[in-house]
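work24.cif (mmCIF, C-alpha atoms)
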data_data
#
loop_
_atom_site.label_atom_id
_atom_site.label_comp_id
_atom_site.auth_asym_id
_atom_site.auth_seq_id
_atom_site.Cartn_x
_atom_site.Cartn_y
_atom_site.Cartn_z
CA MET Q 300 25.18 20.54 -41.13
CA ASN Q 301 21.75 21.33 -39.67
CA ALA Q 302 21.46 21.49 -35.90
CA PRO Q 303 19.43 18.69 -34.32
CA LEU Q 304 15.79 19.28 -33.51
CA ASN Q 305 15.47 20.12 -29.81
CA VAL Q 306 12.35 18.62 -28.24
CA PHE Q 307 11.28 19.22 -24.66
CA ILE Q 308 9.00 16.32 -23.74
CA THR Q 309 7.25 15.44 -20.50
CA ALA Q 310 5.17 12.55 -19.18
CA GLY Q 311 3.63 12.29 -15.74
CA GLU Q 312 2.86 8.59 -15.33
CA ILE Q 313 3.71 5.13 -16.67
CA SER Q 314 1.22 5.09 -19.56
CA GLY Q 315 2.47 8.51 -20.69
CA ASP Q 316 6.06 7.34 -20.40
CA ILE Q 317 5.35 4.52 -22.85
CA LEU Q 318 3.46 6.82 -25.22
CA ALA Q 319 6.19 9.48 -25.15
CA ALA Q 320 8.92 6.90 -25.74
CA GLN Q 321 7.13 5.66 -28.85
CA LEU Q 322 6.89 9.24 -30.11
CA MET Q 323 10.59 9.82 -29.41
CA THR Q 324 11.51 6.74 -31.42
CA ALA Q 325 9.31 7.88 -34.31
CA LEU Q 326 10.89 11.35 -34.26
CA LYS Q 327 14.34 9.78 -34.43
CA ASP Q 328 13.23 7.71 -37.42
CA LEU Q 329 11.78 10.69 -39.28
CA THR Q 330 14.73 13.01 -38.59
CA GLY Q 331 17.48 10.48 -39.18
CA ALA Q 332 18.26 10.64 -35.44
CA LYS Q 333 18.93 14.39 -35.68
CA VAL Q 334 16.90 15.13 -32.57
CA ALA Q 335 17.78 15.85 -28.94
CA PHE Q 336 15.43 15.39 -26.01
CA SER Q 337 15.09 16.98 -22.60
CA GLY Q 338 12.26 17.01 -20.08
CA VAL Q 339 10.61 14.65 -17.60
CA GLY Q 340 9.88 10.96 -18.03
CA GLY Q 341 10.28 7.40 -16.86
CA PRO Q 342 12.24 4.28 -17.80
CA ARG Q 343 10.92 3.92 -21.36
CA MET Q 344 11.79 7.52 -22.21
CA ALA Q 345 15.22 6.99 -20.66
CA GLU Q 346 15.76 4.05 -23.01
CA ALA Q 347 14.78 6.34 -25.90
CA GLY Q 348 17.39 8.93 -24.92
CA LEU Q 349 15.94 11.18 -22.21
CA LYS Q 350 17.73 12.18 -19.02
CA SER Q 351 14.80 13.12 -16.83
CA LEU Q 352 14.82 16.33 -14.83
CA PHE Q 353 13.53 14.31 -11.85
CA PRO Q 354 12.01 10.84 -11.29
CA ILE Q 355 8.55 10.33 -12.77
CA ASP Q 356 7.42 8.78 -9.45
CA ASP Q 357 7.62 12.27 -7.99
CA ILE Q 358 4.49 13.30 -9.90
CA ALA Q 359 2.69 10.02 -10.69
CA VAL Q 360 -0.29 10.44 -8.36
CA MET Q 361 -4.04 10.40 -8.89
CA GLY Q 362 -7.17 11.07 -6.89
CA LEU Q 363 -7.83 14.07 -4.68
CA VAL Q 364 -6.84 12.23 -1.51
CA ASP Q 365 -3.43 11.40 -3.01
CA ILE Q 366 -2.85 14.83 -4.55
CA LEU Q 367 -3.86 17.16 -1.73
CA PRO Q 368 -1.10 16.22 0.76
CA ARG Q 369 1.51 16.66 -2.00
CA ALA Q 370 0.07 19.73 -3.66
CA ARG Q 371 2.94 22.06 -2.71
CA HIS Q 372 5.54 19.57 -3.94
CA LEU Q 373 3.66 18.99 -7.21
CA LEU Q 374 3.31 22.71 -7.87
CA ALA Q 375 7.06 23.12 -7.31
CA ARG Q 376 7.77 20.37 -9.84
CA ILE Q 377 5.42 22.01 -12.34
CA ARG Q 378 7.24 25.32 -11.95
CA GLN Q 379 10.63 23.61 -12.20
CA THR Q 380 9.59 21.83 -15.42
CA ALA Q 381 8.26 25.00 -17.04
CA GLU Q 382 11.31 27.04 -16.10
CA GLU Q 383 13.65 24.37 -17.46
CA CYS Q 384 11.73 24.34 -20.73
CA ALA Q 385 11.94 28.12 -21.05
CA ARG Q 386 15.65 28.05 -20.20
CA ARG Q 387 16.40 25.49 -22.88
CA LYS Q 388 14.34 27.29 -25.57
CA PRO Q 389 13.49 24.07 -27.47
CA ASP Q 390 12.15 23.98 -31.00
CA ILE Q 391 8.96 22.50 -29.55
CA ALA Q 392 7.48 21.33 -26.24
CA VAL Q 393 5.44 18.13 -26.32
CA LEU Q 394 3.50 17.50 -23.12
CA VAL Q 395 2.18 13.96 -22.92
CA ASP Q 396 -1.01 13.08 -21.03
CA ALA Q 397 -1.13 13.83 -17.23
CA PRO Q 398 -3.26 16.96 -17.76
CA GLY Q 399 -3.17 18.01 -14.11
CA PHE Q 400 0.60 18.39 -14.37
CA ASN Q 401 1.21 19.16 -18.03
CA HIS Q 402 -1.48 21.74 -18.68
CA ARG Q 403 -0.34 23.77 -15.69
CA ALA Q 404 3.22 23.52 -16.95
CA ALA Q 405 2.09 24.63 -20.42
CA ILE Q 406 0.44 27.76 -18.99
CA ILE Q 407 3.68 28.76 -17.28
CA ILE Q 408 5.82 27.93 -20.33
CA ARG Q 409 3.63 30.13 -22.50
CA LYS Q 410 4.01 33.03 -20.05
CA LEU Q 411 7.78 32.59 -19.76
CA ASP Q 412 8.42 32.22 -23.51
CA PRO Q 413 5.50 32.66 -25.94
CA THR Q 414 7.75 31.69 -28.88
CA ILE Q 415 7.92 28.00 -27.90
CA PRO Q 416 5.27 25.97 -29.77
CA ILE Q 417 3.36 23.66 -27.43
CA VAL Q 418 1.76 20.36 -28.41
CA ILE Q 419 -0.54 18.52 -26.03
CA TYR Q 420 -0.38 14.79 -26.80
CA VAL Q 421 -3.55 13.03 -25.63
CA ALA Q 422 -6.55 15.28 -25.89
CA PRO Q 423 -8.16 15.94 -22.52
CA GLN Q 424 -11.56 14.31 -22.26
CA VAL Q 425 -13.60 17.45 -22.87
CA TRP Q 426 -16.36 15.20 -24.20
CA ALA Q 427 -16.64 13.65 -20.72
CA TRP Q 428 -16.22 16.61 -18.38
CA ARG Q 429 -15.35 20.32 -18.30
CA PRO Q 430 -16.00 21.02 -22.01
CA GLY Q 431 -14.86 24.63 -21.48
CA ARG Q 432 -11.26 23.38 -21.30
CA ALA Q 433 -11.10 23.17 -25.10
CA LYS Q 434 -11.51 26.94 -25.42
CA ASN Q 435 -9.22 27.63 -22.46
CA MET Q 436 -6.43 25.66 -24.14
CA LEU Q 437 -6.22 28.20 -26.94
CA SER Q 438 -4.13 30.42 -24.67
CA TYR Q 439 -1.37 27.87 -24.05
CA CYS Q 440 -1.59 25.14 -26.70
CA ASP Q 441 -0.90 25.20 -30.44
CA HIS Q 442 -1.78 21.67 -31.49
CA VAL Q 443 -3.61 18.76 -29.84
CA LEU Q 444 -2.93 15.14 -30.76
CA ALA Q 445 -6.03 13.02 -30.19
CA LEU Q 446 -6.17 9.26 -29.70
CA LEU Q 447 -9.86 8.81 -30.50
CA PRO Q 448 -11.59 9.56 -33.82
CA PHE Q 449 -14.44 11.63 -32.38
CA GLU Q 450 -12.20 14.04 -30.41
CA PRO Q 451 -10.93 16.57 -33.02
CA ALA Q 452 -14.40 18.06 -33.55
CA PHE Q 453 -14.55 19.23 -29.93
CA PHE Q 454 -11.34 21.27 -30.34
CA GLU Q 455 -11.66 22.47 -33.92
CA LYS Q 456 -15.02 24.10 -33.22
CA VAL Q 457 -13.22 26.50 -30.82
CA GLY Q 458 -10.37 27.11 -33.28
CA LEU Q 459 -7.74 24.79 -31.80
CA HIS Q 460 -5.95 22.59 -34.33
CA CYS Q 461 -6.36 18.91 -33.44
CA THR Q 462 -5.16 15.80 -35.27
CA HIS Q 463 -6.46 12.29 -34.72
CA VAL Q 464 -3.34 10.11 -34.67
CA GLY Q 465 -4.81 6.85 -33.38
CA HIS Q 466 -4.22 4.99 -30.15
CA PRO Q 467 -0.69 3.76 -29.34
CA VAL Q 468 -1.89 0.37 -28.15
CA VAL Q 469 -2.40 -0.75 -31.75
CA GLU Q 470 1.30 -0.60 -32.56
CA ARG Q 471 2.25 -2.58 -29.48
CA PHE Q 472 -0.08 -5.40 -30.48
CA PRO Q 473 2.01 -8.33 -31.79
CA GLY Q 474 -0.86 -10.15 -33.48
CA GLY Q 475 -2.53 -13.41 -32.55
CA GLY Q 476 -1.59 -17.06 -32.45
CA LEU Q 477 0.38 -16.98 -29.17
CA GLY Q 478 -2.17 -18.14 -26.61
CA GLY Q 479 -1.74 -21.87 -27.09
CA ALA Q 480 2.00 -21.69 -26.54
CA PHE Q 481 1.47 -19.66 -23.35
CA ARG Q 482 -0.84 -22.32 -21.93
CA ALA Q 483 1.57 -25.10 -22.87
CA ARG Q 484 4.52 -23.25 -21.31
CA HIS Q 485 2.68 -22.96 -18.00
CA GLY Q 486 1.10 -26.39 -17.99
CA ILE Q 487 -2.47 -25.14 -18.45
CA ALA Q 488 -4.65 -27.60 -20.34
CA PRO Q 489 -6.82 -26.23 -23.18
CA GLU Q 490 -10.00 -27.04 -21.24
CA THR Q 491 -8.83 -25.40 -17.99
CA PRO Q 492 -10.62 -22.09 -17.35
CA LEU Q 493 -8.07 -19.27 -17.38
CA LEU Q 494 -8.87 -15.78 -16.17
CA ALA Q 495 -6.64 -12.76 -16.76
CA VAL Q 496 -6.68 -10.66 -13.60
CA LEU Q 497 -5.40 -7.08 -13.81
CA PRO Q 498 -5.68 -5.04 -10.59
CA GLY Q 499 -4.06 -1.91 -12.01
CA SER Q 500 -0.77 -0.20 -12.80
CA ARG Q 501 -0.68 2.16 -9.81
CA ARG Q 502 -0.06 1.19 -6.21
CA LYS Q 503 -3.32 2.75 -5.02
CA GLU Q 504 -5.28 0.85 -7.67
CA VAL Q 505 -3.69 -2.44 -6.72
CA GLY Q 506 -4.30 -1.76 -3.05
CA ARG Q 507 -7.99 -1.02 -3.57
CA LEU Q 508 -8.81 -3.73 -6.11
CA SER Q 509 -6.72 -6.72 -5.00
CA PRO Q 510 -8.88 -7.57 -1.95
CA VAL Q 511 -12.17 -7.52 -3.88
CA PHE Q 512 -10.56 -9.44 -6.75
CA ALA Q 513 -9.37 -12.08 -4.26
CA GLU Q 514 -12.91 -12.46 -2.90
CA THR Q 515 -14.25 -12.64 -6.45
CA LEU Q 516 -11.83 -15.42 -7.32
CA GLY Q 517 -12.99 -17.33 -4.25
CA MET Q 518 -16.57 -17.24 -5.49
CA LEU Q 519 -15.54 -18.19 -9.01
CA LYS Q 520 -13.52 -21.15 -7.74
CA VAL Q 521 -16.68 -22.65 -6.27
CA ARG Q 522 -18.20 -22.63 -9.77
CA HIS Q 523 -14.93 -23.44 -11.58
CA PRO Q 524 -12.75 -25.58 -9.25
CA SER Q 525 -9.83 -25.79 -11.70
CA LEU Q 526 -9.75 -22.03 -12.39
CA VAL Q 527 -6.30 -20.50 -12.93
CA ALA Q 528 -5.49 -16.78 -12.88
CA VAL Q 529 -2.82 -15.15 -15.01
CA VAL Q 530 -1.68 -11.75 -13.82
CA PRO Q 531 0.33 -9.67 -16.31
CA THR Q 532 1.71 -6.65 -14.48
CA ILE Q 533 4.48 -4.07 -14.75
CA PRO Q 534 7.76 -3.78 -12.80
CA HIS Q 535 6.52 -0.64 -11.04
CA VAL Q 536 3.95 -2.65 -9.00
CA GLU Q 537 5.20 -6.21 -9.50
CA ALA Q 538 6.23 -6.81 -5.87
CA GLN Q 539 2.88 -5.54 -4.58
CA VAL Q 540 0.93 -7.67 -7.06
CA ARG Q 541 2.96 -10.78 -6.24
CA GLU Q 542 2.38 -10.29 -2.53
CA ALA Q 543 -1.35 -9.90 -3.05
CA ALA Q 544 -1.61 -12.90 -5.39
CA GLN Q 545 0.02 -15.18 -2.83
CA ASN Q 546 -3.21 -15.05 -0.84
CA TRP Q 547 -5.58 -15.62 -3.75
CA PRO Q 548 -7.62 -18.85 -3.59
CA VAL Q 549 -6.57 -20.02 -7.06
CA ARG Q 550 -3.26 -20.67 -8.75
CA ALA Q 551 -1.94 -17.30 -9.91
CA ILE Q 552 0.73 -16.90 -12.59
CA VAL Q 553 2.24 -13.44 -12.15
CA THR Q 554 4.44 -12.07 -14.92
CA ALA Q 555 5.99 -8.66 -15.46
CA ASP Q 556 7.54 -9.69 -18.78
CA GLU Q 557 6.09 -7.39 -21.46
CA THR Q 558 6.38 -10.17 -24.07
CA ASP Q 559 4.08 -12.36 -21.96
CA LYS Q 560 1.22 -9.88 -21.85
CA TYR Q 561 -0.58 -10.44 -25.14
CA PRO Q 562 -0.01 -14.22 -25.17
CA ALA Q 563 -1.52 -14.32 -21.67
CA PHE Q 564 -4.49 -12.24 -22.80
CA GLU Q 565 -5.08 -14.45 -25.81
CA ALA Q 566 -4.76 -17.61 -23.72
CA ALA Q 567 -7.33 -16.37 -21.20
CA ASP Q 568 -11.00 -17.20 -21.58
CA ALA Q 569 -11.95 -13.87 -20.01
CA ALA Q 570 -10.49 -11.01 -17.99
CA LEU Q 571 -11.25 -9.09 -14.82
CA ALA Q 572 -9.47 -5.76 -15.12
CA ALA Q 573 -9.06 -2.30 -13.64
CA SER Q 574 -10.44 0.40 -15.90
CA GLY Q 575 -7.76 1.91 -18.12
CA THR Q 576 -5.65 1.35 -21.22
CA VAL Q 577 -5.45 -2.37 -20.48
CA ALA Q 578 -9.07 -2.66 -21.62
CA LEU Q 579 -7.99 -1.64 -25.12
CA GLU Q 580 -5.15 -4.16 -25.03
CA LEU Q 581 -7.60 -6.87 -24.04
CA ALA Q 582 -9.91 -5.82 -26.86
CA LEU Q 583 -7.10 -6.10 -29.41
CA ALA Q 584 -6.37 -9.60 -28.10
CA GLY Q 585 -10.06 -10.47 -28.39
CA THR Q 586 -10.40 -11.24 -24.69
CA PRO Q 587 -13.90 -10.70 -23.26
CA MET Q 588 -13.71 -8.66 -20.09
CA VAL Q 589 -15.35 -7.20 -17.03
CA ILE Q 590 -14.11 -3.76 -15.97
CA ALA Q 591 -13.87 -2.72 -12.32
CA TYR Q 592 -12.69 0.38 -10.50
CA LYS Q 593 -12.69 2.11 -7.16
CA VAL Q 594 -11.38 5.49 -6.07
CA ASP Q 595 -11.47 7.24 -2.71
CA ALA Q 596 -14.81 8.67 -1.62
CA LEU Q 597 -13.79 12.32 -2.11
CA THR Q 598 -12.65 11.72 -5.70
CA ALA Q 599 -15.81 9.72 -6.45
CA PHE Q 600 -17.97 12.54 -5.08
CA TYR Q 601 -16.22 15.05 -7.33
CA VAL Q 602 -16.20 12.90 -10.46
CA ARG Q 603 -19.90 12.15 -10.26
CA ARG Q 604 -20.65 15.85 -10.35
CA VAL Q 605 -18.52 16.76 -13.33
CA VAL Q 606 -18.47 13.73 -15.66
CA THR Q 607 -21.13 13.81 -18.36
CA THR Q 608 -20.34 10.67 -20.38
CA LYS Q 609 -22.29 7.47 -19.87
CA TYR Q 610 -19.30 5.13 -19.93
CA ALA Q 611 -15.84 4.79 -18.43
CA ASN Q 612 -14.50 2.12 -20.77
CA LEU Q 613 -13.13 3.28 -24.12
CA VAL Q 614 -14.57 0.34 -26.02
CA ASN Q 615 -18.01 1.33 -24.78
CA LEU Q 616 -17.34 4.98 -25.64
CA ILE Q 617 -16.24 4.15 -29.18
CA GLU Q 618 -19.21 1.85 -29.72
CA ASN Q 619 -21.56 4.23 -27.84
CA ARG Q 620 -23.20 1.31 -26.04
CA LEU Q 621 -22.52 -0.97 -23.10
CA VAL Q 622 -20.42 -3.72 -24.70
CA VAL Q 623 -18.21 -4.36 -21.66
CA PRO Q 624 -19.69 -4.53 -18.14
CA GLU Q 625 -18.50 -1.61 -15.97
CA LEU Q 626 -18.71 -2.24 -12.23
CA LEU Q 627 -17.52 0.90 -10.48
CA GLN Q 628 -17.42 2.16 -6.89
CA GLU Q 629 -20.30 0.66 -4.85
CA ASN Q 630 -21.06 -1.72 -7.74
CA CYS Q 631 -17.50 -3.06 -7.57
CA THR Q 632 -18.22 -5.95 -5.20
CA ALA Q 633 -17.19 -9.57 -5.23
CA VAL Q 634 -20.79 -10.66 -5.85
CA THR Q 635 -21.33 -8.43 -8.88
CA LEU Q 636 -17.86 -9.10 -10.31
CA ALA Q 637 -18.21 -12.87 -9.89
CA GLU Q 638 -21.61 -12.89 -11.57
CA ALA Q 639 -20.45 -10.84 -14.57
CA THR Q 640 -17.19 -12.78 -14.95
CA ASP Q 641 -18.91 -16.15 -14.61
CA ARG Q 642 -21.20 -15.23 -17.49
CA LEU Q 643 -18.18 -14.69 -19.74
CA LEU Q 644 -16.70 -18.02 -18.66
CA THR Q 645 -19.90 -19.92 -19.42
CA ASP Q 646 -21.94 -18.02 -22.04
CA ASP Q 647 -20.57 -18.27 -25.58
CA THR Q 648 -23.10 -15.72 -26.84
CA ALA Q 649 -21.93 -13.09 -24.36
CA ARG Q 650 -18.32 -13.73 -25.31
CA ALA Q 651 -19.05 -13.53 -29.04
CA ALA Q 652 -20.91 -10.23 -28.64
CA GLN Q 653 -17.88 -8.59 -27.06
CA LYS Q 654 -15.46 -10.04 -29.62
CA SER Q 655 -17.54 -8.70 -32.50
CA ALA Q 656 -17.52 -5.18 -31.04
CA PHE Q 657 -13.78 -5.37 -30.45
CA ILE Q 658 -13.11 -5.75 -34.19
CA HIS Q 659 -14.90 -2.49 -34.97
CA ALA Q 660 -13.30 -0.65 -32.04
CA ALA Q 661 -9.80 -1.75 -33.10
CA LYS Q 662 -10.27 -0.17 -36.53
CA ALA Q 663 -11.41 3.08 -34.91
CA LEU Q 664 -8.24 3.05 -32.80
CA GLY Q 665 -6.09 2.90 -35.94
CA LEU Q 666 -5.34 -0.80 -36.34
CA GLY Q 667 -4.19 -1.50 -39.89
CA GLN Q 668 -3.12 2.12 -40.56
CA GLU Q 669 0.20 3.92 -40.15
CA ALA Q 670 1.53 3.57 -36.60
CA PRO Q 671 0.01 6.22 -34.31
CA SER Q 672 3.46 7.25 -33.06
CA MET Q 673 4.56 7.99 -36.63
CA ARG Q 674 1.41 9.99 -37.29
CA ALA Q 675 2.01 11.90 -34.06
CA ALA Q 676 5.65 12.53 -34.98
CA ARG Q 677 4.62 13.91 -38.38
CA ALA Q 678 2.18 16.26 -36.65
CA VAL Q 679 4.91 17.44 -34.25
CA LEU Q 680 7.30 18.13 -37.12
CA ALA Q 681 4.56 19.93 -39.05
CA THR Q 682 3.96 22.18 -36.04
CA VAL Q 683 7.66 23.00 -35.86
CA GLY Q 684 7.59 23.81 -39.56
CA ASP Q 685 4.53 26.04 -39.19
CA PHE Q 686 6.17 28.05 -36.42
CA SER Q 687 9.44 28.37 -38.35
CA ALA Q 688 7.53 29.67 -41.37
CA ARG Q 689 5.73 32.23 -39.21
CA ARG Q 690 9.01 33.48 -37.76
CA VAL Q 691 10.51 33.91 -41.24
CA GLU Q 692 7.36 35.70 -42.37
CA ALA Q 693 7.42 37.97 -39.32
CA ARG Q 694 11.05 38.98 -40.00
CA SER Q 695 10.46 39.76 -43.69
#

Translate the structure described by the file into structure tokens.
Amino acid sequence: MNAPLNVFITAGEISGDILAAQLMTALKDLTGAKVAFSGVGGPRMAEAGLKSLFPIDDIAVMGLVDILPRARHLLARIRQTAEECARRKPDIAVLVDAPGFNHRAAIIIRKLDPTIPIVIYVAPQVWAWRPGRAKNMLSYCDHVLALLPFEPAFFEKVGLHCTHVGHPVVERFPGGGLGGAFRARHGIAPETPLLAVLPGSRRKEVGRLSPVFAETLGMLKVRHPSLVAVVPTIPHVEAQVREAAQNWPVRAIVTADETDKYPAFEAADAALAASGTVALELALAGTPMVIAYKVDALTAFYVRRVVTTKYANLVNLIENRLVVPELLQENCTAVTLAEATDRLLTDDTARAAQKSAFIHAAKALGLGQEAPSMRAARAVLATVGDFSARRVEARS
């Protein structure tokens, strides 16, 4: 009987935990469950069979202000992760997203044991900033799995194998037809304006955006007195979101039930959301949106000097035009957010323009094709096979 495939897999934040768990499930499907996992992850990866080396909350930080005070601790966790990988000598290491953590771990793994093939899942945004990273990755990465269709070219031109696997949001999308039932379940009449409000999936995001979102809702209520907010969130920040929503000037329906998310999106007339993966989920649901974001001043200062892309939102990047309003940093004010959101609540033409672009963007993300997690799993197994063939060749 063949030994199970040993996969060392790491994720550094909630979105990566979900992505890695989907990959783990796909690998089990393709190998007939003859696969064993070790590494670092969160609750979704635990459900898929991982016993994490340490809690994912230990490393789930962002922004220079958040990282700097914990730099020594984070570096110790990186070293611990790399040393554990080298000790276990897995058939492959798959490092999912969180480039600040995972790429540093990959460098150490490669030094400790050059025989371990390393896959980076989620191509770093070399098209947005630090394009030299693509070439640098040659020293510690064997295969990159890209979510977006235009990314492989950036890596292949420096000789790094990269496969476009599609974005994982498309396989979590349950399809349409659920919005009406959501409204009925919560006593929201069809003509009542409903706004999806999404202040983020990290505590810092929620803390920065909730106050300005509350002020925005106050302005919108003047124009739409019966306005209701629906707030799909995640367990990680549910308590914080509920506490914030208690002080909002409109009725707020907060839910951390994953099965409520897409029905809530579909039921909503528009959305006000933190920049991130949720924008793609809203696009799949066909929900017109306004994107907002704020980071600390030090991080903003740094980002403005290194980022070269025109847009922050992935729908805009895929379409290469401003489909979705992006109100960031000093532009993220209650006045600007209320004006942009009100337009979506009142202007059918503006809503239709976004919905039309969403259809094209969804196809580019892989909707209607093989599930991205299965495509990623096939690429991981192919990398294992390539390395095994090279070892046999080297011995002969």

(request) Tell me, in Å to one decimal, how far CA of Val496 (chain Q) is from CA of Ala578 (chain Q). (result)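 Here the two named atoms are 11.6 Å from each other.
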
(message) When you count all atoms listed in the file, which of these residues is closest to Asp356 (chain Q): Q:Ile391, Q:Ala310, Q:Leu326, Q:Leu318?
(response)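 The answer is Q:Ala310, which sits nearest to Asp356 (chain Q).
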
Quick one: which residues end up in the PyMOL selection byres ((chain Q and resi 589) around 8) for this structure, as an mmCIF file with C-alpha atoms, in the coordinates of the input?
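Written file, result-v9.cif:
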data_model
loop_
_atom_site.group_PDB
_atom_site.id
_atom_site.type_symbol
_atom_site.label_atom_id
_atom_site.label_comp_id
_atom_site.auth_asym_id
_atom_site.auth_seq_id
_atom_site.Cartn_x
_atom_site.Cartn_y
_atom_site.Cartn_z
ATOM 1 C CA ALA Q 570 -10.490 -11.010 -17.990
ATOM 2 C CA LEU Q 571 -11.250 -9.090 -14.820
ATOM 3 C CA ALA Q 572 -9.470 -5.760 -15.120
ATOM 4 C CA PRO Q 587 -13.900 -10.700 -23.260
ATOM 5 C CA MET Q 588 -13.710 -8.660 -20.090
ATOM 6 C CA ILE Q 590 -14.110 -3.760 -15.970
ATOM 7 C CA ALA Q 591 -13.870 -2.720 -12.320
ATOM 8 C CA VAL Q 623 -18.210 -4.360 -21.660
ATOM 9 C CA PRO Q 624 -19.690 -4.530 -18.140
ATOM 10 C CA GLU Q 625 -18.500 -1.610 -15.970
ATOM 11 C CA LEU Q 626 -18.710 -2.240 -12.230
ATOM 12 C CA LEU Q 636 -17.860 -9.100 -10.310
ATOM 13 C CA ALA Q 639 -20.450 -10.840 -14.570
ATOM 14 C CA THR Q 640 -17.190 -12.780 -14.950
#

(message) Quick check on the file I pasted: which residues fall under the PyMOL selection byres ((chain Q and resi 673) around 9)? Write them as a PyMOL selection string.
(response) chain Q and resi 321-322+324-326+328-329+464+669-672+674-678

(request) I would like the residues chosen by the PyMOL selection byres ((chain Q and resi 316) around 10) on the shown file; could you give them as a ChimeraX atom specification? (result) /Q:309-315,317-322,339-345,355,395-396

Export C-alpha atoms of the chosen residues as a short mmCIF file (atom, residue, chain, number, x, y, z; two decimals), in the frame of the given file?
data_model
loop_
_atom_site.label_atom_id
_atom_site.label_comp_id
_atom_site.auth_asym_id
_atom_site.auth_seq_id
_atom_site.Cartn_x
_atom_site.Cartn_y
_atom_site.Cartn_z
CA THR Q 309 7.25 15.44 -20.50
CA ALA Q 310 5.17 12.55 -19.18
CA GLY Q 311 3.63 12.29 -15.74
CA GLU Q 312 2.86 8.59 -15.33
CA ILE Q 313 3.71 5.13 -16.67
CA SER Q 314 1.22 5.09 -19.56
CA GLY Q 315 2.47 8.51 -20.69
CA ILE Q 317 5.35 4.52 -22.85
CA LEU Q 318 3.46 6.82 -25.22
CA ALA Q 319 6.19 9.48 -25.15
CA ALA Q 320 8.92 6.90 -25.74
CA GLN Q 321 7.13 5.66 -28.85
CA LEU Q 322 6.89 9.24 -30.11
CA VAL Q 339 10.61 14.65 -17.60
CA GLY Q 340 9.88 10.96 -18.03
CA GLY Q 341 10.28 7.40 -16.86
CA PRO Q 342 12.24 4.28 -17.80
CA ARG Q 343 10.92 3.92 -21.36
CA MET Q 344 11.79 7.52 -22.21
CA ALA Q 345 15.22 6.99 -20.66
CA ILE Q 355 8.55 10.33 -12.77
CA VAL Q 395 2.18 13.96 -22.92
CA ASP Q 396 -1.01 13.08 -21.03
#

(request) Quick one: everything within 10 Å of Ile533 (chain Q), counting only C-alpha atoms, minus sequence neighbours fewer than 4 positions away in the same chain. Send it as JSON, numbers by chain. (result) {"Q": [313, 499, 500, 501, 537, 538, 540, 553, 554, 555, 556, 557, 560]}

Protein/DNA/RNA residues near (-20.4, -14.0, -24.4), cut 12 Å, only C-alpha atoms, as a compact mmCIF listing (two decimals) with C-alpha atoms, in the frame of the given file:
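Saved the output as point-v4.txt:
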# COMPACT_ATOMS: atom_id res chain seq x y z
CA ASP Q 568 -11.00 -17.20 -21.58
CA ALA Q 569 -11.95 -13.87 -20.01
CA GLY Q 585 -10.06 -10.47 -28.39
CA THR Q 586 -10.40 -11.24 -24.69
CA PRO Q 587 -13.90 -10.70 -23.26
CA MET Q 588 -13.71 -8.66 -20.09
CA VAL Q 589 -15.35 -7.20 -17.03
CA VAL Q 622 -20.42 -3.72 -24.70
CA VAL Q 623 -18.21 -4.36 -21.66
CA PRO Q 624 -19.69 -4.53 -18.14
CA ALA Q 639 -20.45 -10.84 -14.57
CA THR Q 640 -17.19 -12.78 -14.95
CA ASP Q 641 -18.91 -16.15 -14.61
CA ARG Q 642 -21.20 -15.23 -17.49
CA LEU Q 643 -18.18 -14.69 -19.74
CA LEU Q 644 -16.70 -18.02 -18.66
CA THR Q 645 -19.90 -19.92 -19.42
CA ASP Q 646 -21.94 -18.02 -22.04
CA ASP Q 647 -20.57 -18.27 -25.58
CA THR Q 648 -23.10 -15.72 -26.84
CA ALA Q 649 -21.93 -13.09 -24.36
CA ARG Q 650 -18.32 -13.73 -25.31
CA ALA Q 651 -19.05 -13.53 -29.04
CA ALA Q 652 -20.91 -10.23 -28.64
CA GLN Q 653 -17.88 -8.59 -27.06
CA LYS Q 654 -15.46 -10.04 -29.62
CA SER Q 655 -17.54 -8.70 -32.50
CA ALA Q 656 -17.52 -5.18 -31.04

(request) Select, from Q:Asn435, Q:Lys593, Q:His466, Q:Thr515, the residue with the minimum atom-to-atom distance to Pro448 (chain Q), counting all atoms listed in the file. (result) Q:His466

(request) Give me, please, the distance in Å between CA of Ile408 (chain Q) and CA of His460 (chain Q), quoted to one decimal. (result)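 Computed distance, CA of Ile408 (chain Q) to CA of His460 (chain Q), equals 19.1 Å.
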
(request) Quick one: pull the distance between CA of Leu493 (chain Q) and CA of Gly479 (chain Q), Å, one decimal. (result)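 According to the coordinates, CA of Leu493 (chain Q) and CA of Gly479 (chain Q) are separated by 11.9 Å.
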
(request) Would you mind listing what lies within 7 Å of Ala445 (chain Q) as an MDAnalysis selection string, with only C-alpha atoms counted and same-chain residues fewer than 5 positions away left out? (result) chainID Q and resid 420:422 450:451 461:464

(message) From the options Q:Phe336, Q:Phe353, Q:Phe400, Q:Tyr592, which residue's atoms come nearest to Glu504 (chain Q), counting only C-alpha atoms?
(response)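 Under the stated criterion, the closest residue is Q:Tyr592.
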
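Using all atoms listed in the file, the protein and nucleic acid residues lying no more than 12 Å from Glu618 (chain Q), apart from those fewer than 5 places from it along its own chain, are Leu447, Pro448, Phe449, Lys609, Tyr610, Asn612, Leu613, Val623, Gln653, Ser655, Ala656, Phe657, Ile658, His659, Ala660, Ala661, Lys662, Ala663 and Leu664 of chain Q.
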
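Proximity to Ser509 (chain Q) at 8 Å, evaluated using all atoms listed in the file and with sequence-adjacent residues fewer than 2 positions away removed, yields Pro498, Val505, Gly506, Arg507, Val511, Phe512, Ala513, Val540 and Ala543 of chain Q.
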